[in-house]
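Dumped entry09.csv below, it's CSV, C-alpha atoms and all ligand atoms:
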chain,number,residue,atom,x,y,z
E,236,MET,CA,5.9,5.2,17.1
E,237,MET,CA,2.2,5.1,16.5
E,238,THR,CA,0.9,5.0,12.9
E,239,GLN,CA,-2.0,7.2,12.2
E,240,LEU,CA,-4.7,5.1,10.5
E,241,LEU,CA,-7.0,7.4,8.6
E,242,GLU,CA,-9.8,6.5,6.3
E,243,TYR,CA,-12.4,7.9,4.0
E,244,GLY,CA,-14.3,10.6,5.9
E,245,GLN,CA,-11.2,11.9,7.6
E,246,GLU,CA,-9.8,13.8,4.7
E,247,GLU,CA,-9.3,17.0,6.7
E,248,THR,CA,-7.2,15.2,9.3
E,249,TRP,CA,-5.1,13.6,6.5
E,250,ARG,CA,-4.7,16.9,4.7
E,251,SER,CA,-3.7,18.7,7.9
E,252,TRP,CA,-1.2,15.9,8.7
E,253,LEU,CA,0.2,16.4,5.2
E,254,SER,CA,0.4,20.2,5.5
E,255,ASN,CA,2.5,19.8,8.6
E,256,MET,CA,4.9,17.8,6.4
E,257,GLU,CA,4.9,20.5,3.7
E,258,SER,CA,8.3,21.9,4.8
E,259,TYR,CA,9.8,18.5,3.8
E,260,SER,CA,10.2,17.4,0.2
E,261,CYS,CA,7.9,14.5,-0.9
E,262,VAL,CA,8.3,11.6,-3.2
E,263,VAL,CA,5.3,9.7,-4.5
E,264,LEU,CA,5.9,6.1,-5.6
E,265,CYS,CA,3.4,4.4,-8.0
E,266,ASP,CA,3.4,1.6,-10.4
E,267,THR,CA,2.2,2.0,-14.0
E,268,ASN,CA,-1.3,0.8,-13.1
E,269,THR,CA,-1.7,2.9,-10.0
E,270,PHE,CA,-0.3,5.9,-11.8
E,271,HIS,CA,-3.0,5.4,-14.5
E,272,HIS,CA,-5.9,4.6,-12.1
E,273,CYS,CA,-5.2,6.1,-8.7
E,274,TYR,CA,-2.8,9.0,-9.1
E,275,PRO,CA,-5.3,11.3,-11.0
E,276,LYS,CA,-7.9,10.6,-8.3
E,277,ALA,CA,-5.4,11.2,-5.5
E,278,GLN,CA,-4.4,14.5,-7.1
E,279,ALA,CA,-8.0,15.6,-7.7
E,280,GLU,CA,-8.9,14.8,-4.1
E,281,GLN,CA,-5.9,16.7,-2.8
E,282,ILE,CA,-4.6,13.9,-0.7
E,283,LEU,CA,-1.0,14.3,-2.1
E,284,PRO,CA,1.2,17.3,-1.3
E,285,GLN,CA,1.0,19.9,-4.0
E,286,HIS,CA,4.7,19.7,-4.7
E,287,HIS,CA,6.2,16.2,-5.0
E,288,GLN,CA,8.6,14.1,-7.0
E,289,LEU,CA,6.8,11.3,-8.8
E,290,ILE,CA,8.5,8.0,-9.4
E,291,VAL,CA,6.7,5.3,-11.5
E,292,VAL,CA,7.9,1.7,-11.7
E,293,PRO,CA,6.6,-1.1,-13.8
E,294,ALA,CA,3.6,-2.9,-12.3
E,295,GLY,CA,4.2,-6.5,-11.1
E,296,GLU,CA,6.1,-8.5,-8.5
E,297,ALA,CA,9.3,-8.2,-10.7
E,298,SER,CA,9.7,-4.6,-9.5
E,299,LYS,CA,10.4,-5.9,-5.9
E,300,SER,CA,14.1,-6.2,-6.9
E,301,PHE,CA,17.5,-4.8,-6.0
E,302,GLU,CA,17.8,-3.4,-9.5
E,303,GLN,CA,14.6,-1.4,-9.0
E,304,VAL,CA,15.7,-0.3,-5.6
E,305,VAL,CA,19.0,1.1,-7.1
E,306,GLN,CA,17.1,2.9,-9.8
E,307,ILE,CA,14.7,4.6,-7.4
E,308,VAL,CA,17.5,5.5,-5.0
E,309,GLU,CA,19.4,7.1,-7.9
E,310,GLN,CA,16.4,9.2,-8.9
E,311,MET,CA,15.9,10.3,-5.3
E,312,HIS,CA,19.6,11.1,-4.9
E,313,VAL,CA,19.7,13.1,-8.2
E,314,ALA,CA,16.5,15.0,-7.1
E,315,GLY,CA,18.2,15.9,-3.8
E,316,VAL,CA,15.7,14.1,-1.6
E,317,GLY,CA,16.9,14.7,1.9
E,318,LYS,CA,16.7,13.1,5.3
E,319,LYS,CA,13.6,15.0,6.3
E,320,SER,CA,11.7,14.0,3.2
E,321,ILE,CA,8.7,11.7,3.1
E,322,LEU,CA,8.0,8.8,0.7
E,323,ILE,CA,4.3,8.2,0.0
E,324,CYS,CA,3.5,4.8,-1.5
E,325,LEU,CA,0.4,4.9,-3.7
E,326,GLY,CA,-0.2,1.3,-4.7
E,327,GLY,CA,-0.8,-2.3,-3.7
E,328,GLY,CA,1.4,-4.6,-1.6
E,329,MET,CA,4.2,-4.5,-4.2
E,330,ILE,CA,4.6,-0.7,-4.0
E,331,CYS,CA,4.2,-0.7,-0.2
E,332,ASP,CA,6.8,-3.4,0.3
E,333,LEU,CA,9.3,-1.8,-2.2
E,334,GLY,CA,8.7,1.8,-1.0
E,335,GLY,CA,8.8,0.8,2.7
E,336,PHE,CA,12.2,-0.8,2.2
E,337,ILE,CA,13.6,2.2,0.4
E,338,ALA,CA,12.2,4.6,3.0
E,339,HIS,CA,14.1,2.5,5.6
E,340,ILE,CA,17.5,2.4,3.9
E,341,TYR,CA,17.6,5.8,2.2
E,342,MET,CA,19.8,8.1,4.4
E,343,ARG,CA,19.3,5.5,7.2
E,344,GLY,CA,15.6,6.1,7.1
E,345,ILE,CA,13.1,8.7,5.9
E,346,GLN,CA,9.5,9.2,6.8
E,347,LEU,CA,6.9,6.9,5.1
E,348,ALA,CA,3.2,7.0,4.4
E,349,HIS,CA,1.0,4.5,2.6
E,350,ILE,CA,-2.0,5.0,0.4
E,351,PRO,CA,-3.0,1.4,-0.3
E,352,THR,CA,-5.0,0.8,-3.5
E,353,THR,CA,-5.7,-3.0,-3.3
E,354,LEU,CA,-7.9,-4.8,-0.8
E,355,LEU,CA,-5.0,-7.1,0.2
E,356,CYS,CA,-2.8,-4.0,0.9
E,357,MET,CA,-5.6,-2.2,2.9
E,358,ALA,CA,-6.3,-5.4,4.9
E,359,ASP,CA,-2.8,-6.5,5.4
E,360,ALA,CA,0.3,-5.3,3.6
E,361,CYS,CA,0.2,-1.6,4.6
E,362,LEU,CA,-0.1,-2.6,8.3
E,363,GLY,CA,2.7,-3.8,10.6
E,364,GLY,CA,5.7,-2.2,9.1
E,365,LYS,CA,7.0,-5.2,7.2
E,366,ASN,CA,8.6,-4.4,3.9
E,367,GLY,CA,11.0,-6.2,1.5
E,368,ILE,CA,12.1,-7.2,-1.9
E,369,ASP,CA,12.6,-10.6,-3.6
E,370,PHE,CA,16.0,-12.0,-4.2
E,371,GLN,CA,17.1,-14.8,-6.6
E,372,GLY,CA,13.5,-16.0,-6.9
E,373,VAL,CA,12.8,-16.0,-3.2
E,374,LYS,CA,9.9,-13.8,-2.1
E,375,ASN,CA,10.7,-11.2,0.6
E,376,GLN,CA,14.2,-12.5,1.1
E,377,ILE,CA,15.6,-9.1,2.0
E,378,GLY,CA,13.7,-6.5,4.0
E,379,SER,CA,13.1,-4.8,7.3
E,380,ILE,CA,10.6,-3.3,9.6
E,381,HIS,CA,9.8,0.4,9.0
E,382,HIS,CA,6.5,1.7,10.2
E,383,PRO,CA,4.6,4.3,8.2
E,384,GLU,CA,3.8,7.6,9.9
E,385,ALA,CA,0.3,7.5,8.5
E,386,ILE,CA,-2.0,5.4,6.3
E,387,TRP,CA,-4.8,6.7,4.2
E,388,ILE,CA,-7.5,4.2,3.3
E,389,ASN,CA,-10.1,5.0,0.7
E,390,PRO,CA,-12.1,2.1,-0.6
E,391,ALA,CA,-13.0,4.1,-3.8
E,392,PHE,CA,-9.6,3.1,-5.1
E,393,LEU,CA,-10.8,-0.5,-5.3
E,394,ASN,CA,-13.3,0.3,-8.1
E,395,THR,CA,-10.6,-0.2,-10.8
E,396,LEU,CA,-9.2,-3.5,-9.6
E,397,ASP,CA,-9.3,-6.5,-11.9
E,398,GLU,CA,-11.2,-9.6,-10.7
E,399,ARG,CA,-8.1,-11.6,-9.8
E,400,THR,CA,-6.7,-8.9,-7.5
E,401,LYS,CA,-10.1,-8.4,-5.9
E,402,LYS,CA,-10.4,-12.1,-5.1
E,403,SER,CA,-6.9,-12.2,-3.8
E,404,GLY,CA,-7.8,-9.5,-1.3
E,405,ILE,CA,-11.0,-11.3,-0.2
E,406,ALA,CA,-9.0,-14.5,0.3
E,407,GLU,CA,-6.5,-12.6,2.5
E,408,MET,CA,-9.4,-11.2,4.6
E,409,ILE,CA,-10.9,-14.6,5.0
E,410,LYS,CA,-7.5,-16.0,6.1
E,411,HIS,CA,-7.2,-13.3,8.8
E,412,THR,CA,-10.7,-14.1,10.2
E,413,LEU,CA,-9.8,-17.8,10.3
E,414,LEU,CA,-6.5,-17.2,12.0
E,415,GLN,CA,-8.0,-14.8,14.5
E,416,SER,CA,-10.9,-16.9,16.0
E,417,GLU,CA,-14.1,-18.7,15.3
E,418,ASP,CA,-15.9,-15.6,16.6
E,419,ALA,CA,-14.2,-13.4,14.0
E,420,PHE,CA,-15.1,-15.8,11.3
E,421,ASP,CA,-18.7,-16.0,12.5
E,422,HIS,CA,-18.8,-12.2,12.6
E,423,ALA,CA,-17.4,-11.9,9.1
E,424,CYS,CA,-20.1,-14.3,7.9
E,425,GLN,CA,-22.7,-11.8,9.1
E,426,LEU,CA,-21.2,-8.9,7.2
E,427,PRO,CA,-23.5,-7.3,4.6
E,428,VAL,CA,-22.9,-7.9,0.9
E,429,ASN,CA,-19.7,-6.0,0.0
E,430,ALA,CA,-19.1,-4.0,-3.1
E,431,PHE,CA,-17.9,-7.0,-5.1
E,432,TYR,CA,-19.2,-10.2,-3.7
E,433,ASP,CA,-21.6,-11.7,-1.2
E,434,THR,CA,-19.0,-12.1,1.5
E,435,ARG,CA,-21.4,-14.3,3.5
E,436,GLN,CA,-21.7,-16.7,0.7
E,437,ILE,CA,-18.0,-17.0,0.2
E,438,LEU,CA,-17.4,-17.5,4.0
E,439,ALA,CA,-20.3,-19.9,4.4
E,440,GLY,CA,-18.9,-22.0,1.5
E,441,LEU,CA,-15.7,-22.3,3.5
E,442,ARG,CA,-17.4,-24.0,6.5
E,443,PHE,CA,-16.4,-27.7,7.0
K,1,LIG,N1,4.3,-6.4,4.0
K,1,LIG,C1,3.3,-7.2,4.3
K,1,LIG,O1,2.9,-7.4,5.4
K,1,LIG,C2,2.7,-8.0,3.2
K,1,LIG,C3,1.5,-8.8,3.4
K,1,LIG,C4,0.9,-9.4,2.4
K,1,LIG,C5,1.4,-9.3,1.1
K,1,LIG,N2,2.5,-8.5,0.9
K,1,LIG,C6,3.1,-8.4,-0.5
K,1,LIG,O2,2.1,-7.7,-1.3
K,1,LIG,C7,2.2,-8.0,-2.7
K,1,LIG,C8,0.9,-8.4,-3.2
K,1,LIG,O3,0.0,-7.3,-3.0
K,1,LIG,P1,-1.1,-6.9,-4.1
K,1,LIG,O4,-2.0,-8.1,-4.3
K,1,LIG,O5,-1.7,-5.7,-3.6
K,1,LIG,O6,-0.3,-6.8,-5.4
K,1,LIG,P2,0.2,-5.6,-6.3
K,1,LIG,O7,0.6,-4.4,-5.6
K,1,LIG,O8,1.1,-6.2,-7.3
K,1,LIG,O9,-1.2,-5.2,-7.1
K,1,LIG,C9,-1.8,-6.2,-7.9
K,1,LIG,C10,-2.1,-5.5,-9.3
K,1,LIG,O10,-3.1,-4.5,-9.2
K,1,LIG,C11,-2.7,-3.3,-9.7
K,1,LIG,N3,-3.4,-2.3,-9.0
K,1,LIG,C12,-3.1,-1.9,-7.7
K,1,LIG,N4,-4.0,-1.0,-7.3
K,1,LIG,C13,-4.9,-0.8,-8.3
K,1,LIG,C14,-6.1,-0.1,-8.5
K,1,LIG,N5,-6.6,0.6,-7.5
K,1,LIG,N6,-6.7,-0.1,-9.7
K,1,LIG,C15,-6.2,-0.9,-10.7
K,1,LIG,N7,-5.1,-1.7,-10.6
K,1,LIG,C16,-4.5,-1.6,-9.4
K,1,LIG,C17,-1.2,-3.3,-9.6
K,1,LIG,O11,-0.6,-2.5,-10.5
K,1,LIG,C18,-0.9,-4.8,-9.9
K,1,LIG,O12,-0.9,-5.0,-11.3
K,1,LIG,C19,3.3,-9.2,-2.7
K,1,LIG,O13,4.5,-8.6,-3.1
K,1,LIG,C20,3.3,-9.6,-1.2
K,1,LIG,O14,4.6,-10.2,-0.9
K,1,LIG,C21,3.1,-7.9,1.9

Do you think you could lay out the structure here as structure tokens?
Ligand SMILES: NC(=O)c1ccc[n+]([C@@H]2O[C@H](COP(=O)([O-])OP(=O)(O)OC[C@H]3O[C@@H](n4cnc5c(N)ncnc54)[C@H](O)[C@@H]3O)[C@@H](O)[C@H]2O)c1
Amino acid sequence: MMTQLLEYGQEETWRSWLSNMESYSCVVLCDTNTFHHCYPKAQAEQILPQHHQLIVVPAGEASKSFEQVVQIVEQMHVAGVGKKSILICLGGGMICDLGGFIAHIYMRGIQLAHIPTTLLCMADACLGGKNGIDFQGVKNQIGSIHHPEAIWINPAFLNTLDERTKKSGIAEMIKHTLLQSEDAFDHACQLPVNAFYDTRQILAGLRF
């Protein structure tokens, strides 16, 4: 299955994709921070279906747990979420990992979409279908591969990130260029100043 990767400027394509899904019920999964910072924006910009069930979990890695999975599945079950429903993850890597796992196991798999709200998630975690939860202190010990039908990327969500989370996203991007090739790294060094940092300076500082 091909994931549709849509970004800022392609709102109409995203909305039309969503409207084709309108006949299915929809669950939107947020954490407490993305509920506060991103959900109102997503609602205002009409990138969520008009009718949806909202589930909010505590922010932080601790929510990638079996206990949280059980609580979410219970809420979906009680709300009558069915096989033809779609789960939309509105959050960073934690929400996408947790939501992706639930979308894979609930009724043997329901449809999934990601709206990543951190740089790390936009650059990495929302892509490739990997999901998972932590178990007994081991990160991503339990998980699966379940590809999203679509991903909506809007860099405007990044405006409310704290410094630490921004830096962690930049570090992830640098890692990817280093893993890819020297050319990719050189190309990244030429990128214009981004919204937060002078990417060229950070990358140049890494040369050895
Ligand atoms: N599946 C994959 O391929 C993959 C790849 C890399 C990392 N990961 C996973 O991703 C997770 C880390 O991702 P992350 O750094 O995005 O962490 P995260 O999702 O925990 O987000 C970091 C913090 O930023 C907050 N936040 C998110 N978006 C915000 C916004 N727009 N404004 C304000 N606050 C916001 C969150 O509530 C949280 O407190 C880890 O669990 C890691 O295992 C998965």

Fill in: Nearest to ligand LIG 1 (chain K) by atom-to-atom distance, counting only C-alpha atoms and all ligand atoms, from E:His339, E:Lys319, E:His312, E:His271
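Of the candidates, the smallest distance to ligand LIG 1 (chain K) is held by E:His271.
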
Give the residue list for ligand LIG 1 (chain K) at 8 Å, counting only C-alpha atoms and all ligand atoms, as a short mmCIF file (atom, residue, chain, number, x, y, z; two decimals) with C-alpha atoms, in the coordinates of the input, sorted by chain and then by residue number.
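Full text of out08.cif as output:
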data_model
loop_
_atom_site.label_atom_id
_atom_site.label_comp_id
_atom_site.auth_asym_id
_atom_site.auth_seq_id
_atom_site.Cartn_x
_atom_site.Cartn_y
_atom_site.Cartn_z
CA ASP E 266 3.40 1.60 -10.40
CA THR E 267 2.20 2.00 -14.00
CA ASN E 268 -1.30 0.80 -13.10
CA THR E 269 -1.70 2.90 -10.00
CA HIS E 272 -5.90 4.60 -12.10
CA CYS E 273 -5.20 6.10 -8.70
CA ALA E 294 3.60 -2.90 -12.30
CA GLY E 295 4.20 -6.50 -11.10
CA GLU E 296 6.10 -8.50 -8.50
CA LYS E 299 10.40 -5.90 -5.90
CA GLY E 326 -0.20 1.30 -4.70
CA GLY E 327 -0.80 -2.30 -3.70
CA GLY E 328 1.40 -4.60 -1.60
CA MET E 329 4.20 -4.50 -4.20
CA ILE E 330 4.60 -0.70 -4.00
CA CYS E 331 4.20 -0.70 -0.20
CA ASP E 332 6.80 -3.40 0.30
CA PRO E 351 -3.00 1.40 -0.30
CA THR E 352 -5.00 0.80 -3.50
CA THR E 353 -5.70 -3.00 -3.30
CA LEU E 354 -7.90 -4.80 -0.80
CA LEU E 355 -5.00 -7.10 0.20
CA CYS E 356 -2.80 -4.00 0.90
CA ASP E 359 -2.80 -6.50 5.40
CA ALA E 360 0.30 -5.30 3.60
CA CYS E 361 0.20 -1.60 4.60
CA LEU E 362 -0.10 -2.60 8.30
CA GLY E 363 2.70 -3.80 10.60
CA GLY E 364 5.70 -2.20 9.10
CA LYS E 365 7.00 -5.20 7.20
CA ASN E 366 8.60 -4.40 3.90
CA GLY E 367 11.00 -6.20 1.50
CA ILE E 368 12.10 -7.20 -1.90
CA LYS E 374 9.90 -13.80 -2.10
CA ASN E 375 10.70 -11.20 0.60
CA PHE E 392 -9.60 3.10 -5.10
CA LEU E 393 -10.80 -0.50 -5.30
CA ASN E 394 -13.30 0.30 -8.10
CA THR E 395 -10.60 -0.20 -10.80
CA LEU E 396 -9.20 -3.50 -9.60
CA ASP E 397 -9.30 -6.50 -11.90
CA THR E 400 -6.70 -8.90 -7.50
CA SER E 403 -6.90 -12.20 -3.80
CA GLY E 404 -7.80 -9.50 -1.30
#

Worksheet item: Do you have the CA of Val305 (chain E)-CA of Ile350 (chain E) distance handy?
Response: 22.6 Å

Worksheet entry | Nearest residue to Ala391 (chain E) from the set E:Ser298, E:Asp421, E:Met357, E:Arg343 (distances using all atoms listed in the file) |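 Looking only at the distances to Ala391 (chain E), the closest residue turns out to be E:Met357.
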
Discussion item. Using all atoms listed in the file, which protein or nucleic acid residues come within 9 Å of region 409-413 of chain E? Drop anything in the same chain fewer than 3 positions from it, and give the result as a PyMOL selection string.
Written reply: chain E and resi 358-359+404-406+416-423+437-438

Item to complete: Please write as a list of chain:residue names the list of polymer residues whose atoms come within 10 Å of (-1.2, 2.9, 14.5), counting only C-alpha atoms and keeping to the coordinates of the file.
Response: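 It turns out the residues near that spot are E:Met236, E:Met237, E:Thr238, E:Gln239, E:Leu240, E:Leu241, E:Leu362, E:Gly363, E:His382, E:Pro383, E:Glu384, E:Ala385, E:Ile386.
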
Worksheet item: Between E:Gln303, E:Val262, E:Lys402, E:Gly372, which one has atoms that come closest to Leu347 (chain E), using only C-alpha atoms?
Response: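 Going through E:Gln303, E:Val262, E:Lys402, E:Gly372 one by one, the smallest distance to Leu347 (chain E) is for E:Val262.
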